[in-house]
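**Q** This is the structure I have questions about; it appears just below.
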There are 2 protein chains.
Amino acid sequence: MRMTKLAGKTSKKIDGEFNIASQKLLLRSGMFRSVSDGVYSVLPFGSKTMDKLLHLLTRELEQRGFQRVYIPSDKEFEKTASLTLRNDMKSYKDFPISIYDIFISQREKIKIKDGLIKSKRYTNLRTCSFFEDEEALIQGYDDIKNLYKSKLKDMGLNIFTLQSHNEKRSGARAEEFVYSCNRGDRKIFKCEKCRYKAFEEMSDFHIEEIEIDDKEIEAVYTPDIKTIKELEEFLNINSKDLAKTLLIKVKEEILAVVIRGNRELNPYKLASVLDVAVEDIEMAEYEEIDGSIETVPGFVGPVELQGVRIIVDREITKAGSLITGANKKNYHLKNVKYERDFEGDLVADVSYILGEDKCPLCGGTLNKEHGISIGKILNLDKINYIKNMLYKNKEGKPMGIYGISSYMDIYKLISIIVEENHDKDGIIWPLALAPYHVIISILNTKKEDQNSLGERIYNELKNKKIDVIIDDRKERAGAKFYDADLLGIPIRIVVARGSSENKVEFKLRWENEREELDADKAIEKVFNILGIS
Amino acid sequence: MRMTKLAGKTSKKIDGEFNIASQKLLLRSGMFRSVSDGVYSVLPFGSKTMDKLLHLLTRELEQRGFQRVYIPSDKEFEKTASLTLRNDMKSYKDFPISIYDIFISQREKIKIKDGLIKSKRYTNLRTCSFFEDEEALIQGYDDIKNLYKSKLKDMGLNIFTLQSHNEKRSGARAEEFVYSCNRGDRKIFKCEKCRYKAFEEMSDFHIEEIEIDDKEIEAVYTPDIKTIKELEEFLNINSKDLAKTLLIKVKEEILAVVIRGNRELNPYKLASVLDVAVEDIEMAEYEEIDGSIETVPGFVGPVELQGVRIIVDREITKAGSLITGANKKNYHLKNVKYERDFEGDLVADVSYILGEDKCPLCGGTLNKEHGISIGKILNLDKINYIKNMLYKNKEGKPMGIYGISSYMDIYKLISIIVEENHDKDGIIWPLALAPYHVIISILNTKKEDQNSLGERIYNELKNKKIDVIIDDRKERAGAKFYDADLLGIPIRIVVARGSSENKVEFKLRWENEREELDADKAIEKVFNILGIS
C-alpha cells in the first residue's frame, strides 16, 4: 500500500472527549472516522486491521469445525440459526454442529464518550453450536470459552471471564470476556480478601442476620408522607430501617417486591428468578393497581397484602424488625417481622449491591473496579423457542437439542488492543496483530536515489507477500516520523541521505534505538523477524 | 471439506413455487435456506460461493485503486461515504479517490416467488468514487461500467446495460446491469426494427401528431359522472379522447398534471422533471385542494385552471382536440385544444408507455421482454447534499467535488449464474466460479481400500491448495451421484470397486462421458485442468 493512495488521512487533533485513550488514537490514525453521533465508518487501515483480527479468530474457529454462514437476524440470532440448521439436525450423527457469522449489529443505547466501545453499529463475530445432550453442551461451552480465552491471551490481552445475565435463557450459565480498565463502562465488585469478583448487576452481598426483641406490630400515623425521604425525616429513622414494597408488572401480572428501603430493585436478578426477559419487568401504573389490590399508593406494605404474589428479597428475611406501609392512607407499621407478620410467595436475591456492602463469600471489603466487556458466551440449554427441535438418537428415540451461542465485538476488541498497546506518540502494534508489518519512509521524495531504493525495498518485501506500506508522500520528514509513530507499524525502514551508499535506518516501534544498516541487511532482518526464509 | 461435516444438507424437494428455476436449485443444493417469508440464511456452500464471487470482483476493484471500507448506512450510502472521506479530499492531489464496501442491505418490497432476487436482505457490493471535475467523472463512470461489464462477461454472463432512473441525483445519468430472462421481474420494451431498448418506466414512445378541424370549445352536461369509465359510456367515447388532469402534491405544492385519459402518470419521469425524489410525489387529498384551487374534484380540467402550476404531457400538445373536465360540477368541455385553450407551465414526457405504443426512435413495433437487474451505476454529479464539499485546485481555488456510486447485488448475481449454468439434474459450475473444483465420491465407505484411496487423493489435492470436497457419507451410491450432480462441482472423481487396482472414475459435470483412470493420472488431470504445475 502507498500512503499517497491510502484513504483515511491521519489527524493531529480530533474533536470531542473520550473516556478511553484508544478512541482518539483509532480516530487520529485514520482507522475509523465519526460520521454522526456514535456512528463510525471504517477506513482502509481499520478495515485491514479488522480483516486480520477476524482472520485470526475465524481460522481458529474453522479448525474447531465452525462453518461460515450468514444469519439474517440481529436480535434473533439464536432462533434464526436454529431454523437455518433445523434440517441438518435429524440424527445423532449430525452432532455437534457449529457455525459462525460476521454481522454488523446495532446497539440501542450509544454513548458518545465511549466511542467505538458504545457505537451505534459494530462488527459482531457470532457463533452458534448445537449438541445432542447436556454433557456435550457443557464440554462445548468450555471449548469455546477456552478457545477465546487462549486466543485473546495470544494477542497479549489480559482477559478474565465473569458471570453474566443470560438474556437468551433465563437462569442458565452465561459469561462475558472482560478487560480490566479503570475508564471502562462496566462496574465490577472485587473482594480484597478472597477471589470473589462480579459485575455490579450480578453481584451478591453479605447479609447480616439481625436479632431483635419481639416487639408488637404497631400502626403509626404518617400524614401526607409520600416519599422515603419524607418518612426518614418524619420518624427520624434511616432508609435501612424500612422495607419498601414495589408493585411491578410482569407480562400482565402485578407483583409486589419487598426490598430494603436503601436498595434498588435489580431487574437482572428478578428476571432470572421469574424466568422472563429484563424488558418484561415494568413498574406498575396507578391505574393498573387501583381496584385489583387493596392498598394505597405510597403506603403499600406486605402485611395482609391481598391479591398479588409477594417476592421477598432474601435480605428482608434476616433484617429483624422493619417499618412498612400499612396499606391504609396516612399509616405505616412499625416492628414488622418476616415470618411472624408476613410471608413471601418467593424468597430470592433481587436487589442491587451497594458500595458499602461486603463480600458474599467471606465478608471481606469489596472494591469497585471497571472493565470493558468485549464478548459473551450463552448457554441456551435445551432449545425451547422452536417447536419440535428434536433429533433421533441411536435407538431412534426423539431427543432434545442443546445449544450455545457466543458474541465477540470486534470494535471493542480493536479498542482494547490499542488501549493495551500504545504510548504518547501513538499505537504500537504487536507483530501478530499489526495490519502492516513494515513501513518504508522515503524522507525526501525529490531525491531520485531515495525513491529508487525505497521502491526496491518495497517491491522485494511485497514479493515475499509481506504486508508493507510505503510513505511516498511529499511531506516533511517530521510529518512522516510523526505519522509512522501514530500508525504504530512494528518495523520502520527510513530511506534518507544514506541511500546513495545503499544505507537505511532500521527501527522497531517499541524500541528507542535506530540502527543504520545496509539495505539488504535490513531486508534480511525483516525476513528474520517475520520468520520468512 | 467433508460432506459428513458440511452444514446445509441437500434436499430433493423444496416447498413453494418460484418464478425462476435457479431459486429451487439454490435452496435444494443447501447453499441458501429460507427462514421466514423472503428471508434467507446463507449456508457454508453458499458462503463459499459468495466469497469466491466477491473475491473475483473486489480483486478487480482493488487493482483499479478501490479501497476497502465499511460505510455504516444503507439508504444514505453516498452521503455517508462523502462524510467519511471529507478530510481526505482537500487538494487536487487527493483525486481520484475510490472506495468499496460489502453491506447487508434491506429491501422494502419483497416478493416471495422471486426468491433471492427479491429477498428481504442481501449482500450488496457498493462503490463510491470522487473526482476533481466533470471530465474525470465521465471517464470514471465509463471505467466502473466497463469493469463490471467485462468481469460479468468473463463469468460467461450475457449482460447489457439500460438507462435507469437516478434516485440519488435527479436527471443525471444512471444505468443498470441487466440479464435477459423471460421470468425476470423487470419489464423491458425493445424495438423490432432499431436498437431501442428501455425499462418500462424509462421508456419513451412514438407520439403521433393529430391535426383536426378548428371546432369551438363546448361545455357538455355530464351529471353525476365520477370516473373515466362512466364518462366513456355516457359520451360514447374512448379514454384516448380525454385529457385527465391529476392533482398531485410535491413537497407541499399542489400541481396539475395533464395526461391522456388512457395513460398512467409515470412518477419516475415526473420526479426527474421536477428534480425531486419519487417518494416526494403523492396524489393530493380532497382537503388539500379545497379552497386553494377553483375546481371540483371529478371535473378538474386545465382550461382556466387557476392557482396551480400545470404540467402537460408532451403527447397532449400533439393530440388535437380533447375532452377535459370543466372545473364546474357536472360539466366537461369538448374540443379542447392545447395552446388555443390552455397552456402548460411545463411540457414534458411524464406518462407511462402502453403495450400498443411504437418505438420513439423509428416508429417500429415494440416487444415486451423481461430481465433481472443485478446492479446499478449512478452519476452523483457535483456533490450538493453536503455543504462545502470542496477541494483546492492547483491555483488554490476552491472547486466542487464530483461523485459516482455503484451497487452490485451478490444474491442476484449468484441467482443468474445458476440460472445460466444448470440442467435438469442441478447446477453446472463454470470452473472460474465454482466454490469447489473437485468432488471425490467414495461409493462404499465400508470398504477400506476405497476409503484410503479417496483420502489419499483428497490430501494430495488439498496439499496443492485445490478447493476439494470429499463425499465420505454412509449414503447409497445413488444418493451420492444425485448430490454431486445437484451441487454441480466441475470435476468428479469416483472411488469405487476399481480402487483395489488404484483405479478411479473421472467425469466433468458438463460432459456425459466417464473415464476410468489410474488414480495418479486422475490427479495429474486435475492439475492440468486447473493449470497447476
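Scheme for the C-alpha cells: letters A, B, ... for chains in order shown; per-chain residue numbers from 1; ligand numbers from 1 in order shown.
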Neighbours of Lys153 (chain B) within 12 Å (only C-alpha atoms; same-chain residues fewer than 5 positions away dropped), as a VMD selection string?
**A** chain B and resid 146 to 148 158 to 160 177 179 417
**Q** DSSP on the backbone, strand (DSSP E or B) only: what residues of region 348-440 of chain A does that give? Format it as a ChimeraX atom specification.
**A** /A:348,351,358,365-382,390-392,398-400,402-409,422-423,426-427,438-440
**Q** Please identify every residue of chain A that has at least one atom no more than 10 Å from any atom of chain B, counting only C-alpha atoms, and report them as a ChimeraX atom specification.
**A** /A:4-11,30-36,39-48,65-73,79-89,93-101,103-104,120-123
**Q** One number please: CA of Asn451 (chain B) to CA of Ile529 (chain B), in Å, one decimal.
**A** 24.6 Å
**Q** Identify, on the basis of only C-alpha atoms, every residue whose closest approach to region 354-364 of chain A does not exceed 10 Å; exclude the query and any residue fewer than 2 positions from it along the same chain; express the result as JSON, numbers by chain.
**A** {"A": [189, 190, 191, 192, 193, 194, 195, 196, 197, 200, 203, 204, 205, 206, 207, 208, 262, 263, 264, 351, 352, 366, 367, 368]}
**Q** Could the residues in this selection be saved with N, CA, C and O atoms as an mmCIF file, in the first residue's frame?
**A**
data_model
loop_
_atom_site.group_PDB
_atom_site.id
_atom_site.type_symbol
_atom_site.label_atom_id
_atom_site.label_comp_id
_atom_site.auth_asym_id
_atom_site.auth_seq_id
_atom_site.Cartn_x
_atom_site.Cartn_y
_atom_site.Cartn_z
ATOM 1 N N PHE A 189 -17.416 -5.544 41.121
ATOM 2 C CA PHE A 189 -17.078 -5.597 42.541
ATOM 3 C C PHE A 189 -16.090 -6.730 42.771
ATOM 4 O O PHE A 189 -16.314 -7.847 42.309
ATOM 5 N N LYS A 190 -15.031 -6.412 43.508
ATOM 6 C CA LYS A 190 -13.981 -7.416 43.725
ATOM 7 C C LYS A 190 -13.589 -7.441 45.193
ATOM 8 O O LYS A 190 -13.350 -6.382 45.793
ATOM 9 N N CYS A 191 -13.511 -8.644 45.748
ATOM 10 C CA CYS A 191 -13.182 -8.769 47.170
ATOM 11 C C CYS A 191 -11.694 -8.557 47.396
ATOM 12 O O CYS A 191 -10.858 -9.034 46.638
ATOM 13 N N GLU A 192 -11.390 -7.845 48.445
ATOM 14 C CA GLU A 192 -9.986 -7.621 48.823
ATOM 15 C C GLU A 192 -9.324 -8.890 49.337
ATOM 16 O O GLU A 192 -8.139 -9.099 49.159
ATOM 17 N N LYS A 193 -10.148 -9.735 49.989
ATOM 18 C CA LYS A 193 -9.581 -10.914 50.662
ATOM 19 C C LYS A 193 -9.650 -12.186 49.827
ATOM 20 O O LYS A 193 -8.644 -12.848 49.619
ATOM 21 N N CYS A 194 -10.853 -12.527 49.370
ATOM 22 C CA CYS A 194 -10.992 -13.784 48.622
ATOM 23 C C CYS A 194 -11.029 -13.496 47.121
ATOM 24 O O CYS A 194 -10.734 -12.391 46.671
ATOM 25 N N ARG A 195 -11.377 -14.499 46.315
ATOM 26 C CA ARG A 195 -11.330 -14.330 44.850
ATOM 27 C C ARG A 195 -12.648 -13.855 44.264
ATOM 28 O O ARG A 195 -12.821 -13.847 43.048
ATOM 29 N N TYR A 196 -13.596 -13.463 45.108
ATOM 30 C CA TYR A 196 -14.906 -13.069 44.589
ATOM 31 C C TYR A 196 -14.810 -11.841 43.675
ATOM 32 O O TYR A 196 -14.153 -10.860 44.000
ATOM 33 N N LYS A 197 -15.470 -11.914 42.540
ATOM 34 C CA LYS A 197 -15.424 -10.853 41.535
ATOM 35 C C LYS A 197 -16.701 -10.976 40.702
ATOM 36 O O LYS A 197 -17.007 -12.057 40.202
ATOM 37 N N GLU A 200 -21.512 -5.563 38.702
ATOM 38 C CA GLU A 200 -22.410 -4.932 39.675
ATOM 39 C C GLU A 200 -23.799 -5.577 39.664
ATOM 40 O O GLU A 200 -24.340 -5.926 40.714
ATOM 41 N N SER A 203 -23.772 -9.049 41.200
ATOM 42 C CA SER A 203 -23.118 -9.183 42.490
ATOM 43 C C SER A 203 -24.097 -9.524 43.614
ATOM 44 O O SER A 203 -25.124 -8.879 43.763
ATOM 45 N N ASP A 204 -23.751 -10.544 44.387
ATOM 46 C CA ASP A 204 -24.438 -10.797 45.649
ATOM 47 C C ASP A 204 -23.711 -9.992 46.713
ATOM 48 O O ASP A 204 -22.699 -9.356 46.432
ATOM 49 N N PHE A 205 -24.204 -10.017 47.927
ATOM 50 C CA PHE A 205 -23.518 -9.294 49.011
ATOM 51 C C PHE A 205 -23.805 -10.003 50.319
ATOM 52 O O PHE A 205 -24.762 -10.778 50.440
ATOM 53 N N HIS A 206 -22.965 -9.737 51.286
ATOM 54 C CA HIS A 206 -23.084 -10.371 52.595
ATOM 55 C C HIS A 206 -24.348 -9.855 53.292
ATOM 56 O O HIS A 206 -24.588 -8.656 53.351
ATOM 57 N N ILE A 207 -25.153 -10.768 53.816
ATOM 58 C CA ILE A 207 -26.366 -10.383 54.536
ATOM 59 C C ILE A 207 -26.175 -10.735 56.016
ATOM 60 O O ILE A 207 -25.955 -11.901 56.358
ATOM 61 N N GLU A 208 -26.249 -9.707 56.845
ATOM 62 C CA GLU A 208 -26.053 -9.935 58.278
ATOM 63 C C GLU A 208 -27.399 -10.248 58.915
ATOM 64 O O GLU A 208 -28.381 -9.557 58.652
ATOM 65 N N ASN A 262 -33.140 1.213 51.495
ATOM 66 C CA ASN A 262 -31.954 1.879 50.928
ATOM 67 C C ASN A 262 -31.461 1.220 49.632
ATOM 68 O O ASN A 262 -30.433 1.599 49.103
ATOM 69 N N ARG A 263 -32.182 0.201 49.162
ATOM 70 C CA ARG A 263 -31.701 -0.524 47.968
ATOM 71 C C ARG A 263 -32.553 -0.261 46.733
ATOM 72 O O ARG A 263 -33.672 0.223 46.823
ATOM 73 N N GLU A 264 -31.965 -0.623 45.571
ATOM 74 C CA GLU A 264 -32.697 -0.571 44.309
ATOM 75 C C GLU A 264 -33.045 -1.998 43.890
ATOM 76 O O GLU A 264 -32.299 -2.932 44.175
ATOM 77 N N SER A 351 -32.166 -7.595 44.888
ATOM 78 C CA SER A 351 -31.808 -6.178 44.987
ATOM 79 C C SER A 351 -30.353 -5.947 44.572
ATOM 80 O O SER A 351 -29.539 -6.876 44.527
ATOM 81 N N TYR A 352 -30.054 -4.691 44.251
ATOM 82 C CA TYR A 352 -28.721 -4.292 43.790
ATOM 83 C C TYR A 352 -27.748 -4.171 44.954
ATOM 84 O O TYR A 352 -28.113 -3.724 46.037
ATOM 85 N N LEU A 366 -15.334 -5.099 49.651
ATOM 86 C CA LEU A 366 -15.419 -5.179 48.192
ATOM 87 C C LEU A 366 -14.927 -3.869 47.590
ATOM 88 O O LEU A 366 -15.325 -2.792 48.014
ATOM 89 N N ASN A 367 -14.056 -3.967 46.609
ATOM 90 C CA ASN A 367 -13.607 -2.768 45.887
ATOM 91 C C ASN A 367 -14.313 -2.664 44.549
ATOM 92 O O ASN A 367 -14.614 -3.663 43.916
ATOM 93 N N LYS A 368 -14.536 -1.433 44.141
ATOM 94 C CA LYS A 368 -15.165 -1.191 42.858
ATOM 95 C C LYS A 368 -14.089 -1.058 41.790
ATOM 96 O O LYS A 368 -13.136 -0.294 41.947
#
**Q** Distance CA of Asp143 (chain A)-CA of Ile377 (chain A), one decimal place?
**A** 10.9 Å
**Q** Which residue, A:Val350, A:Leu137, A:Ile323, A:Ala174, has the smallest gap to Leu162 (chain A) when you use only C-alpha atoms?
**A**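 Ranked by minimum distance to Leu162 (chain A), first place goes to A:Ala174.
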**Q** In Å, rounded to a single decimal, give me how far CA of Arg169 (chain B) is from CA of Lys387 (chain B).
**A** 15.7 Å
**Q** If we count only C-alpha atoms, what is near region 12-20 of chain B at a cut-off of 9 Å, once residues fewer than 6 positions away on the same chain are taken out, given as a list in words?
**A**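 Within the cut-off, the hits are Leu27, Arg28, Ser29, Ile112, Lys113, Asp114, Gly115, Cys181, Arg183, Gly184, Asp185, Ser415 and Glu419 of chain B.
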**Q** Run DSSP on the backbone and tell me which residues of region 339-464 of chain B come out as helix (DSSP H, G or I); list them as a PyMOL selection string.
**A** chain B and resi 410-420+448-463
**Q** May I have the residues from that selection written out with C-alpha atoms, as a PDB file, in the first residue's frame?
**A**
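See out.pdb below for the written result:
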ATOM      1  CA  ILE B 410     -24.493 -10.606  -4.937  1.00  0.00           C
ATOM      2  CA  TYR B 411     -27.636 -12.700  -4.272  1.00  0.00           C
ATOM      3  CA  LYS B 412     -28.933 -11.748  -7.708  1.00  0.00           C
ATOM      4  CA  LEU B 413     -25.546 -12.374  -9.271  1.00  0.00           C
ATOM      5  CA  ILE B 414     -25.439 -15.908  -7.838  1.00  0.00           C
ATOM      6  CA  SER B 415     -29.021 -16.434  -8.996  1.00  0.00           C
ATOM      7  CA  ILE B 416     -28.324 -15.554 -12.603  1.00  0.00           C
ATOM      8  CA  ILE B 417     -25.088 -17.552 -12.649  1.00  0.00           C
ATOM      9  CA  VAL B 418     -27.068 -20.622 -11.599  1.00  0.00           C
ATOM     10  CA  GLU B 419     -29.882 -19.653 -13.993  1.00  0.00           C
ATOM     11  CA  GLU B 420     -27.360 -19.639 -16.828  1.00  0.00           C
ATOM     12  CA  GLU B 448     -11.099 -49.884   3.484  1.00  0.00           C
ATOM     13  CA  ASP B 449      -9.400 -49.646   0.070  1.00  0.00           C
ATOM     14  CA  GLN B 450     -11.970 -47.145  -1.177  1.00  0.00           C
ATOM     15  CA  ASN B 451     -11.601 -45.014   1.950  1.00  0.00           C
ATOM     16  CA  SER B 452      -7.831 -44.981   1.866  1.00  0.00           C
ATOM     17  CA  LEU B 453      -7.608 -44.216  -1.853  1.00  0.00           C
ATOM     18  CA  GLY B 454     -10.239 -41.475  -1.537  1.00  0.00           C
ATOM     19  CA  GLU B 455      -8.439 -39.921   1.408  1.00  0.00           C
ATOM     20  CA  ARG B 456      -5.101 -40.085  -0.391  1.00  0.00           C
ATOM     21  CA  ILE B 457      -6.443 -38.216  -3.424  1.00  0.00           C
ATOM     22  CA  TYR B 458      -8.193 -35.740  -1.111  1.00  0.00           C
ATOM     23  CA  ASN B 459      -4.971 -34.972   0.727  1.00  0.00           C
ATOM     24  CA  GLU B 460      -2.886 -34.675  -2.415  1.00  0.00           C
ATOM     25  CA  LEU B 461      -5.311 -32.154  -3.876  1.00  0.00           C
ATOM     26  CA  LYS B 462      -5.596 -30.253  -0.596  1.00  0.00           C
ATOM     27  CA  ASN B 463      -1.806 -30.029  -0.394  1.00  0.00           C
TER      28      ASN B 463
END
**Q** Which is closer to Met1 (chain A) than all the others in B:Glu62, B:Asp290, B:Glu285, B:Asp37, using only C-alpha atoms?
**A**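 When distances to Met1 (chain A) are compared using only C-alpha atoms, the smallest one comes from B:Glu62.
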**Q** Residues within 10 Å of Thr295 (chain B), please, as a short mmCIF file (atom, residue, chain, number, x, y, z; two decimals) with C-alpha atoms, in the first residue's frame. Count only C-alpha atoms; anything in the same chain fewer than 3 positions from it doesn't count.
**A**
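out_11.cif written:
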data_model
loop_
_atom_site.label_atom_id
_atom_site.label_comp_id
_atom_site.auth_asym_id
_atom_site.auth_seq_id
_atom_site.Cartn_x
_atom_site.Cartn_y
_atom_site.Cartn_z
CA ILE B 289 -57.32 21.03 -2.89
CA ASP B 290 -60.46 22.51 -1.36
CA GLY B 291 -60.28 26.26 -1.10
CA SER B 292 -56.93 26.82 -2.76
CA GLY B 298 -64.09 14.70 -10.64
CA PHE B 299 -64.39 17.63 -13.06
CA VAL B 300 -60.86 19.03 -12.98
CA GLY B 301 -59.55 20.36 -16.30
CA PRO B 302 -56.69 22.56 -17.50
CA GLU B 304 -58.74 28.43 -16.99
CA LEU B 305 -57.45 26.43 -14.02
CA GLN B 306 -56.13 28.96 -11.51
CA GLY B 307 -53.83 28.67 -8.50
CA GLY B 325 -63.12 18.49 -17.01
CA ALA B 326 -64.76 21.95 -16.89
CA ASN B 327 -63.79 22.82 -13.27
CA LYS B 328 -67.54 23.05 -12.72
CA LYS B 329 -69.80 20.44 -11.15
#
**Q** Extract, using only C-alpha atoms, all DNA, RNA and protein residues at most 7 Å from Tyr268 (chain B), discarding same-chain residues fewer than 4 positions from it, and format them as a list in words.
**A** His165, Glu201, Ser272 and Val278 of chain B
**Q** Mind writing the picked residues with C-alpha atoms as a compact mmCIF listing (two decimals), in the first residue's frame?
**A**
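Everything below was put into again_20.txt:
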# COMPACT_ATOMS: atom_id res chain seq x y z
CA HIS B 165 -33.88 6.35 -13.02
CA GLU B 201 -40.61 3.10 -16.53
CA SER B 272 -36.70 13.69 -12.94
CA VAL B 278 -40.12 9.58 -6.45
